[in-house]
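Colleague: Submitted below is the structure of interest, expressed as structure tokens.
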There are 2 protein chains.
Amino acid sequence: MMTRRQANIGLISSAASASLANLARAQEPEAIELPLPRSQGGKPLIEALRLRRSIREYSPRSLPRQVLSDLLWAAFGINRPATGDRTAPYWRHVMVIDIYAVIADGVWIYEPKGHKLLLHPHDDIRANLVYVAHGERMGDISGEDKRLYASVDAGFIGQNVYLFCASEGLATVFRASLDYRELAKTLGLGAGQFVAFAQTVGYPA
Amino acid sequence: MMTRRQANIGLISSAASASLANLARAQEPEAIELPLPRSQGGKPLIEALRLRRSIREYSPRSLPRQVLSDLLWAAFGINRPATGDRTAPYWRHVMVIDIYAVIADGVWIYEPKGHKLLLHPHDDIRANLVYVAHGERMGDISGEDKRLYASVDAGFIGQNVYLFCASEGLATVFRASLDYRELAKTLGLGAGQFVAFAQTVGYPA
């Protein structure tokens, strides 16, 4: 895996090789292959429900790669490989929500099929998980309805994250108070895409 | 507990005693005390996430009282008695969502503080759980925002129900395709209240 710093150093090299690198990146985005998510374990569900809560104070410690892998799979990973179906339900079987993971070395988009992270060239965002909706995939419904159905899909995912964090002793809070326009701009979202909600995940302070 | 049939027979008695009964009911609505919810058990969280799915075919078998108790607690019960906080997060700490449980003997509102069901005098509704929002409690935000935040709250609850059903071998599906106006009318909702979503829960066919 290439760090952002290495990627930045790369920008100093000659324009010709930079163009080639950009071309290569356009075809095959820089990726982090996540370790396989755990397929068992965790606290018994009733205990996870008992422990579920919002926590707003975090330690600066970052999440180990395996925890990130398990977290993203729990949030919205594939739990039925034969059909590609997910751990959370989604609106009319249209893949509306992407999870953007903001970690120390950049912003990455979770790609559930390959269970990997694809580099998204932006950073400086405070939430760890940003739930971004592809409104343009939702067909001919009003903007209000797009936000509504994307919100409920984000709620399903968010509750998976809450329970995963309860089970693993992590801290999390779902975040609705965001500067949506600014965040969309920072993330460089495409036409029709919008930020539904975000969620902070980390170790408790 | 009084069944609906007994309640209906009660209506045949004299007007005077019916008025007294109505008066008593207005002060203390007819209630089903649920058995205490289980405080432990269930499948390990990762396994519940692996098993989570939507099921659309149901057996006619109804849910035993203990299962209903566990289900409603998992959905939106109190998991921190000292503060009254819940198994699912909710918008700005305002209690927006009520769960209406539609079971064989009528429509009931889940009352998490007493962990009981209060009779709601309407029936003939097909979904088992109806997530009803108190828009009037949400203050001075637009109707669109009220629906939005109620939807995400319903999503959190819905995912708890999905995982509970996955853990217990029950079938469930979250339902967005509803006749919202008709359902609101049938439920006799108050001014400002609206149906956010519904969810069917039962035994698989």
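Going through the structure tokens in order, the chains are called A, B, and so on, while each chain numbers its residues from 1 and the ligands are numbered from 1 in the order shown.
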Chain B vs chain A: Cα RMSD after least-squares superposition over all Cα in order?

Modeller: 0.1 Å

Colleague: Select residues of chain B: the criterion is any atom within 9 Å of an atom of chain A, counting only C-alpha atoms; output as a PDB file with N, CA, C and O atoms, in the first residue's frame.

Modeller:
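Here's the written file part.pdb:
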ATOM      1  N   ARG B  38     -35.151 -10.598  28.149  1.00  0.00           N
ATOM      2  CA  ARG B  38     -33.900 -11.288  28.485  1.00  0.00           C
ATOM      3  C   ARG B  38     -32.776 -10.276  28.580  1.00  0.00           C
ATOM      4  O   ARG B  38     -32.709  -9.347  27.774  1.00  0.00           O
ATOM      5  N   SER B  39     -31.868 -10.464  29.516  1.00  0.00           N
ATOM      6  CA  SER B  39     -30.761  -9.523  29.629  1.00  0.00           C
ATOM      7  C   SER B  39     -29.469 -10.107  29.086  1.00  0.00           C
ATOM      8  O   SER B  39     -28.419  -9.481  29.144  1.00  0.00           O
ATOM      9  N   GLN B  40     -29.512 -11.329  28.581  1.00  0.00           N
ATOM     10  CA  GLN B  40     -28.326 -11.891  27.939  1.00  0.00           C
ATOM     11  C   GLN B  40     -28.739 -12.901  26.885  1.00  0.00           C
ATOM     12  O   GLN B  40     -29.917 -13.137  26.666  1.00  0.00           O
ATOM     13  N   GLY B  41     -27.715 -13.454  26.195  1.00  0.00           N
ATOM     14  CA  GLY B  41     -27.998 -14.465  25.188  1.00  0.00           C
ATOM     15  C   GLY B  41     -28.080 -13.877  23.794  1.00  0.00           C
ATOM     16  O   GLY B  41     -27.701 -12.735  23.549  1.00  0.00           O
ATOM     17  N   GLY B  42     -28.620 -14.655  22.900  1.00  0.00           N
ATOM     18  CA  GLY B  42     -28.602 -14.278  21.492  1.00  0.00           C
ATOM     19  C   GLY B  42     -27.327 -14.793  20.850  1.00  0.00           C
ATOM     20  O   GLY B  42     -26.368 -15.154  21.529  1.00  0.00           O
ATOM     21  N   LYS B  43     -27.328 -14.818  19.529  1.00  0.00           N
ATOM     22  CA  LYS B  43     -26.144 -15.279  18.801  1.00  0.00           C
ATOM     23  C   LYS B  43     -25.019 -14.261  18.927  1.00  0.00           C
ATOM     24  O   LYS B  43     -25.271 -13.071  19.130  1.00  0.00           O
ATOM     25  N   PRO B  44     -23.759 -14.696  18.776  1.00  0.00           N
ATOM     26  CA  PRO B  44     -22.667 -13.712  18.733  1.00  0.00           C
ATOM     27  C   PRO B  44     -22.934 -12.705  17.602  1.00  0.00           C
ATOM     28  O   PRO B  44     -23.447 -13.082  16.546  1.00  0.00           O
ATOM     29  N   LEU B  45     -22.582 -11.450  17.843  1.00  0.00           N
ATOM     30  CA  LEU B  45     -22.956 -10.381  16.905  1.00  0.00           C
ATOM     31  C   LEU B  45     -22.544 -10.678  15.468  1.00  0.00           C
ATOM     32  O   LEU B  45     -23.335 -10.468  14.537  1.00  0.00           O
ATOM     33  N   ILE B  46     -21.324 -11.172  15.274  1.00  0.00           N
ATOM     34  CA  ILE B  46     -20.846 -11.393  13.897  1.00  0.00           C
ATOM     35  C   ILE B  46     -21.722 -12.439  13.204  1.00  0.00           C
ATOM     36  O   ILE B  46     -22.023 -12.318  12.011  1.00  0.00           O
ATOM     37  N   GLU B  47     -22.164 -13.429  13.978  1.00  0.00           N
ATOM     38  CA  GLU B  47     -23.034 -14.442  13.379  1.00  0.00           C
ATOM     39  C   GLU B  47     -24.407 -13.841  13.042  1.00  0.00           C
ATOM     40  O   GLU B  47     -24.976 -14.125  11.984  1.00  0.00           O
ATOM     41  N   ALA B  48     -24.923 -12.989  13.930  1.00  0.00           N
ATOM     42  CA  ALA B  48     -26.208 -12.331  13.645  1.00  0.00           C
ATOM     43  C   ALA B  48     -26.082 -11.476  12.372  1.00  0.00           C
ATOM     44  O   ALA B  48     -26.979 -11.466  11.528  1.00  0.00           O
ATOM     45  N   LEU B  49     -24.958 -10.796  12.217  1.00  0.00           N
ATOM     46  CA  LEU B  49     -24.741  -9.988  11.009  1.00  0.00           C
ATOM     47  C   LEU B  49     -24.660 -10.874   9.763  1.00  0.00           C
ATOM     48  O   LEU B  49     -25.141 -10.498   8.695  1.00  0.00           O
ATOM     49  N   ARG B  50     -24.032 -12.049   9.924  1.00  0.00           N
ATOM     50  CA  ARG B  50     -23.942 -12.962   8.787  1.00  0.00           C
ATOM     51  C   ARG B  50     -25.319 -13.452   8.362  1.00  0.00           C
ATOM     52  O   ARG B  50     -25.579 -13.679   7.180  1.00  0.00           O
ATOM     53  N   LEU B  51     -26.214 -13.626   9.335  1.00  0.00           N
ATOM     54  CA  LEU B  51     -27.542 -14.202   9.053  1.00  0.00           C
ATOM     55  C   LEU B  51     -28.591 -13.152   8.698  1.00  0.00           C
ATOM     56  O   LEU B  51     -29.698 -13.493   8.308  1.00  0.00           O
ATOM     57  N   ARG B  52     -28.259 -11.890   8.845  1.00  0.00           N
ATOM     58  CA  ARG B  52     -29.271 -10.850   8.616  1.00  0.00           C
ATOM     59  C   ARG B  52     -29.777 -10.842   7.180  1.00  0.00           C
ATOM     60  O   ARG B  52     -28.988 -10.832   6.248  1.00  0.00           O
ATOM     61  N   ARG B  53     -31.076 -10.863   7.009  1.00  0.00           N
ATOM     62  CA  ARG B  53     -31.660 -10.749   5.671  1.00  0.00           C
ATOM     63  C   ARG B  53     -33.135 -10.399   5.761  1.00  0.00           C
ATOM     64  O   ARG B  53     -33.731 -10.460   6.833  1.00  0.00           O
ATOM     65  N   SER B  54     -33.685 -10.022   4.624  1.00  0.00           N
ATOM     66  CA  SER B  54     -35.117  -9.721   4.534  1.00  0.00           C
ATOM     67  C   SER B  54     -35.852 -10.973   4.085  1.00  0.00           C
ATOM     68  O   SER B  54     -35.411 -11.652   3.159  1.00  0.00           O
ATOM     69  N   ASP B  70     -38.837  -9.503  24.139  1.00  0.00           N
ATOM     70  CA  ASP B  70     -37.424  -9.400  23.757  1.00  0.00           C
ATOM     71  C   ASP B  70     -37.260  -8.560  22.497  1.00  0.00           C
ATOM     72  O   ASP B  70     -36.331  -7.751  22.380  1.00  0.00           O
ATOM     73  N   ALA B  74     -35.259  -5.119  22.212  1.00  0.00           N
ATOM     74  CA  ALA B  74     -34.137  -5.015  21.267  1.00  0.00           C
ATOM     75  C   ALA B  74     -34.347  -3.841  20.317  1.00  0.00           C
ATOM     76  O   ALA B  74     -33.417  -3.099  20.005  1.00  0.00           O
ATOM     77  N   ILE B  78     -35.224   0.258  26.837  1.00  0.00           N
ATOM     78  CA  ILE B  78     -34.285   0.997  27.688  1.00  0.00           C
ATOM     79  C   ILE B  78     -33.123   0.079  28.047  1.00  0.00           C
ATOM     80  O   ILE B  78     -33.323  -0.973  28.638  1.00  0.00           O
ATOM     81  N   ASN B  79     -31.911   0.477  27.667  1.00  0.00           N
ATOM     82  CA  ASN B  79     -30.745  -0.350  28.011  1.00  0.00           C
ATOM     83  C   ASN B  79     -29.892   0.283  29.107  1.00  0.00           C
ATOM     84  O   ASN B  79     -28.945  -0.326  29.569  1.00  0.00           O
ATOM     85  N   ARG B  80     -30.239   1.502  29.522  1.00  0.00           N
ATOM     86  CA  ARG B  80     -29.541   2.163  30.623  1.00  0.00           C
ATOM     87  C   ARG B  80     -30.588   2.780  31.549  1.00  0.00           C
ATOM     88  O   ARG B  80     -30.959   3.947  31.390  1.00  0.00           O
ATOM     89  N   ASP B  85     -31.987   5.772  28.667  1.00  0.00           N
ATOM     90  CA  ASP B  85     -31.514   5.699  27.281  1.00  0.00           C
ATOM     91  C   ASP B  85     -31.825   4.343  26.659  1.00  0.00           C
ATOM     92  O   ASP B  85     -32.073   3.366  27.344  1.00  0.00           O
ATOM     93  N   ARG B  86     -31.790   4.343  25.322  1.00  0.00           N
ATOM     94  CA  ARG B  86     -32.379   3.255  24.559  1.00  0.00           C
ATOM     95  C   ARG B  86     -31.363   2.411  23.787  1.00  0.00           C
ATOM     96  O   ARG B  86     -30.217   2.820  23.605  1.00  0.00           O
ATOM     97  N   THR B  87     -31.848   1.296  23.265  1.00  0.00           N
ATOM     98  CA  THR B  87     -31.003   0.408  22.448  1.00  0.00           C
ATOM     99  C   THR B  87     -30.684   1.006  21.079  1.00  0.00           C
ATOM    100  O   THR B  87     -29.771   0.535  20.402  1.00  0.00           O
ATOM    101  N   ALA B  88     -31.449   1.996  20.647  1.00  0.00           N
ATOM    102  CA  ALA B  88     -31.169   2.690  19.379  1.00  0.00           C
ATOM    103  C   ALA B  88     -31.015   4.173  19.678  1.00  0.00           C
ATOM    104  O   ALA B  88     -31.681   4.698  20.576  1.00  0.00           O
ATOM    105  N   PRO B  89     -30.140   4.868  18.947  1.00  0.00           N
ATOM    106  CA  PRO B  89     -29.993   6.314  19.173  1.00  0.00           C
ATOM    107  C   PRO B  89     -31.219   7.055  18.655  1.00  0.00           C
ATOM    108  O   PRO B  89     -32.004   6.503  17.888  1.00  0.00           O
ATOM    109  N   TRP B  91     -32.834  11.154  17.625  1.00  0.00           N
ATOM    110  CA  TRP B  91     -32.582  12.521  17.177  1.00  0.00           C
ATOM    111  C   TRP B  91     -32.577  13.505  18.336  1.00  0.00           C
ATOM    112  O   TRP B  91     -33.601  13.691  18.995  1.00  0.00           O
ATOM    113  N   GLU B 144     -39.914  18.442   5.875  1.00  0.00           N
ATOM    114  CA  GLU B 144     -38.963  17.573   5.180  1.00  0.00           C
ATOM    115  C   GLU B 144     -37.906  17.062   6.157  1.00  0.00           C
ATOM    116  O   GLU B 144     -37.582  15.874   6.190  1.00  0.00           O
ATOM    117  N   ASP B 145     -37.365  17.962   6.972  1.00  0.00           N
ATOM    118  CA  ASP B 145     -36.349  17.555   7.950  1.00  0.00           C
ATOM    119  C   ASP B 145     -36.941  16.625   9.002  1.00  0.00           C
ATOM    120  O   ASP B 145     -36.272  15.690   9.465  1.00  0.00           O
ATOM    121  N   ARG B 147     -39.304  14.418   8.560  1.00  0.00           N
ATOM    122  CA  ARG B 147     -39.359  13.082   7.948  1.00  0.00           C
ATOM    123  C   ARG B 147     -37.974  12.463   7.869  1.00  0.00           C
ATOM    124  O   ARG B 147     -37.788  11.269   8.091  1.00  0.00           O
ATOM    125  N   LEU B 148     -36.990  13.305   7.519  1.00  0.00           N
ATOM    126  CA  LEU B 148     -35.612  12.840   7.363  1.00  0.00           C
ATOM    127  C   LEU B 148     -35.071  12.252   8.668  1.00  0.00           C
ATOM    128  O   LEU B 148     -34.563  11.130   8.710  1.00  0.00           O
ATOM    129  N   TYR B 149     -35.177  13.018   9.743  1.00  0.00           N
ATOM    130  CA  TYR B 149     -34.604  12.562  11.006  1.00  0.00           C
ATOM    131  C   TYR B 149     -35.423  11.413  11.613  1.00  0.00           C
ATOM    132  O   TYR B 149     -34.859  10.526  12.247  1.00  0.00           O
ATOM    133  N   ALA B 150     -36.723  11.437  11.401  1.00  0.00           N
ATOM    134  CA  ALA B 150     -37.533  10.300  11.861  1.00  0.00           C
ATOM    135  C   ALA B 150     -37.165   9.040  11.087  1.00  0.00           C
ATOM    136  O   ALA B 150     -37.175   7.934  11.636  1.00  0.00           O
ATOM    137  N   SER B 151     -36.801   9.203   9.827  1.00  0.00           N
ATOM    138  CA  SER B 151     -36.446   8.038   9.004  1.00  0.00           C
ATOM    139  C   SER B 151     -35.165   7.393   9.487  1.00  0.00           C
ATOM    140  O   SER B 151     -35.055   6.169   9.540  1.00  0.00           O
ATOM    141  N   VAL B 152     -34.184   8.221   9.798  1.00  0.00           N
ATOM    142  CA  VAL B 152     -32.923   7.631  10.259  1.00  0.00           C
ATOM    143  C   VAL B 152     -33.145   6.959  11.618  1.00  0.00           C
ATOM    144  O   VAL B 152     -32.631   5.868  11.869  1.00  0.00           O
ATOM    145  N   ASP B 153     -33.952   7.553  12.478  1.00  0.00           N
ATOM    146  CA  ASP B 153     -34.262   6.913  13.764  1.00  0.00           C
ATOM    147  C   ASP B 153     -34.978   5.575  13.546  1.00  0.00           C
ATOM    148  O   ASP B 153     -34.696   4.583  14.234  1.00  0.00           O
ATOM    149  N   ALA B 154     -35.885   5.540  12.584  1.00  0.00           N
ATOM    150  CA  ALA B 154     -36.577   4.282  12.268  1.00  0.00           C
ATOM    151  C   ALA B 154     -35.588   3.261  11.703  1.00  0.00           C
ATOM    152  O   ALA B 154     -35.715   2.059  11.960  1.00  0.00           O
ATOM    153  N   GLY B 155     -34.589   3.728  10.969  1.00  0.00           N
ATOM    154  CA  GLY B 155     -33.557   2.831  10.436  1.00  0.00           C
ATOM    155  C   GLY B 155     -32.746   2.170  11.539  1.00  0.00           C
ATOM    156  O   GLY B 155     -32.479   0.977  11.498  1.00  0.00           O
ATOM    157  N   PHE B 156     -32.365   2.948  12.545  1.00  0.00           N
ATOM    158  CA  PHE B 156     -31.634   2.378  13.688  1.00  0.00           C
ATOM    159  C   PHE B 156     -32.461   1.269  14.335  1.00  0.00           C
ATOM    160  O   PHE B 156     -31.971   0.170  14.606  1.00  0.00           O
ATOM    161  N   ILE B 157     -33.710   1.572  14.601  1.00  0.00           N
ATOM    162  CA  ILE B 157     -34.607   0.608  15.247  1.00  0.00           C
ATOM    163  C   ILE B 157     -34.793  -0.613  14.349  1.00  0.00           C
ATOM    164  O   ILE B 157     -34.728  -1.763  14.804  1.00  0.00           O
ATOM    165  N   GLY B 158     -35.017  -0.347  13.068  1.00  0.00           N
ATOM    166  CA  GLY B 158     -35.239  -1.429  12.109  1.00  0.00           C
ATOM    167  C   GLY B 158     -34.070  -2.405  12.051  1.00  0.00           C
ATOM    168  O   GLY B 158     -34.260  -3.619  11.939  1.00  0.00           O
ATOM    169  N   GLN B 159     -32.856  -1.873  12.152  1.00  0.00           N
ATOM    170  CA  GLN B 159     -31.694  -2.757  12.090  1.00  0.00           C
ATOM    171  C   GLN B 159     -31.573  -3.587  13.363  1.00  0.00           C
ATOM    172  O   GLN B 159     -31.180  -4.756  13.310  1.00  0.00           O
ATOM    173  N   ASN B 160     -31.933  -3.013  14.505  1.00  0.00           N
ATOM    174  CA  ASN B 160     -32.005  -3.830  15.722  1.00  0.00           C
ATOM    175  C   ASN B 160     -32.960  -4.999  15.525  1.00  0.00           C
ATOM    176  O   ASN B 160     -32.683  -6.130  15.938  1.00  0.00           O
ATOM    177  N   TYR B 162     -33.874  -6.342  12.664  1.00  0.00           N
ATOM    178  CA  TYR B 162     -33.250  -7.297  11.730  1.00  0.00           C
ATOM    179  C   TYR B 162     -32.288  -8.237  12.448  1.00  0.00           C
ATOM    180  O   TYR B 162     -32.302  -9.448  12.248  1.00  0.00           O
ATOM    181  N   LEU B 163     -31.429  -7.664  13.279  1.00  0.00           N
ATOM    182  CA  LEU B 163     -30.418  -8.504  13.937  1.00  0.00           C
ATOM    183  C   LEU B 163     -31.056  -9.407  14.983  1.00  0.00           C
ATOM    184  O   LEU B 163     -30.660 -10.573  15.136  1.00  0.00           O
ATOM    185  N   PHE B 164     -32.051  -8.888  15.693  1.00  0.00           N
ATOM    186  CA  PHE B 164     -32.753  -9.728  16.654  1.00  0.00           C
ATOM    187  C   PHE B 164     -33.390 -10.916  15.935  1.00  0.00           C
ATOM    188  O   PHE B 164     -33.284 -12.057  16.388  1.00  0.00           O
ATOM    189  N   SER B 167     -30.874 -13.410  14.914  1.00  0.00           N
ATOM    190  CA  SER B 167     -30.382 -14.168  16.065  1.00  0.00           C
ATOM    191  C   SER B 167     -31.388 -15.218  16.520  1.00  0.00           C
ATOM    192  O   SER B 167     -31.011 -16.285  17.004  1.00  0.00           O
ATOM    193  N   VAL B 173     -39.040  -8.037   7.496  1.00  0.00           N
ATOM    194  CA  VAL B 173     -38.732  -7.148   6.371  1.00  0.00           C
ATOM    195  C   VAL B 173     -39.192  -5.736   6.721  1.00  0.00           C
ATOM    196  O   VAL B 173     -40.261  -5.551   7.309  1.00  0.00           O
ATOM    197  N   PHE B 174     -38.347  -4.795   6.436  1.00  0.00           N
ATOM    198  CA  PHE B 174     -38.637  -3.378   6.660  1.00  0.00           C
ATOM    199  C   PHE B 174     -39.478  -2.907   5.492  1.00  0.00           C
ATOM    200  O   PHE B 174     -39.214  -3.267   4.351  1.00  0.00           O
ATOM    201  N   ALA B 176     -41.243   0.134   3.292  1.00  0.00           N
ATOM    202  CA  ALA B 176     -41.371   1.541   2.930  1.00  0.00           C
ATOM    203  C   ALA B 176     -42.573   1.778   2.037  1.00  0.00           C
ATOM    204  O   ALA B 176     -43.082   2.888   1.963  1.00  0.00           O
TER     205      ALA B 176
END

Colleague: With distances taken over only C-alpha atoms, which residue among B:Leu178, B:Met95, B:Leu34, B:Leu71 lies nearest Met138 in chain B?

Modeller: B:Met95

Colleague: I'd like to know which residues of range 30-178 of chain A are helix (DSSP H, G or I) (by DSSP, run on the backbone); could you write them as a ChimeraX atom specification?

Modeller: /A:45-51,65-76,91-93,135-137,143-168

Colleague: May I ask which of the residues B:Ala31, B:Leu187, B:His93, B:Ala104 is the closest one to Pro64 in chain B, counting only C-alpha atoms?

Modeller: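 Answer, going by the shortest atom-to-atom distance: B:Ala104.
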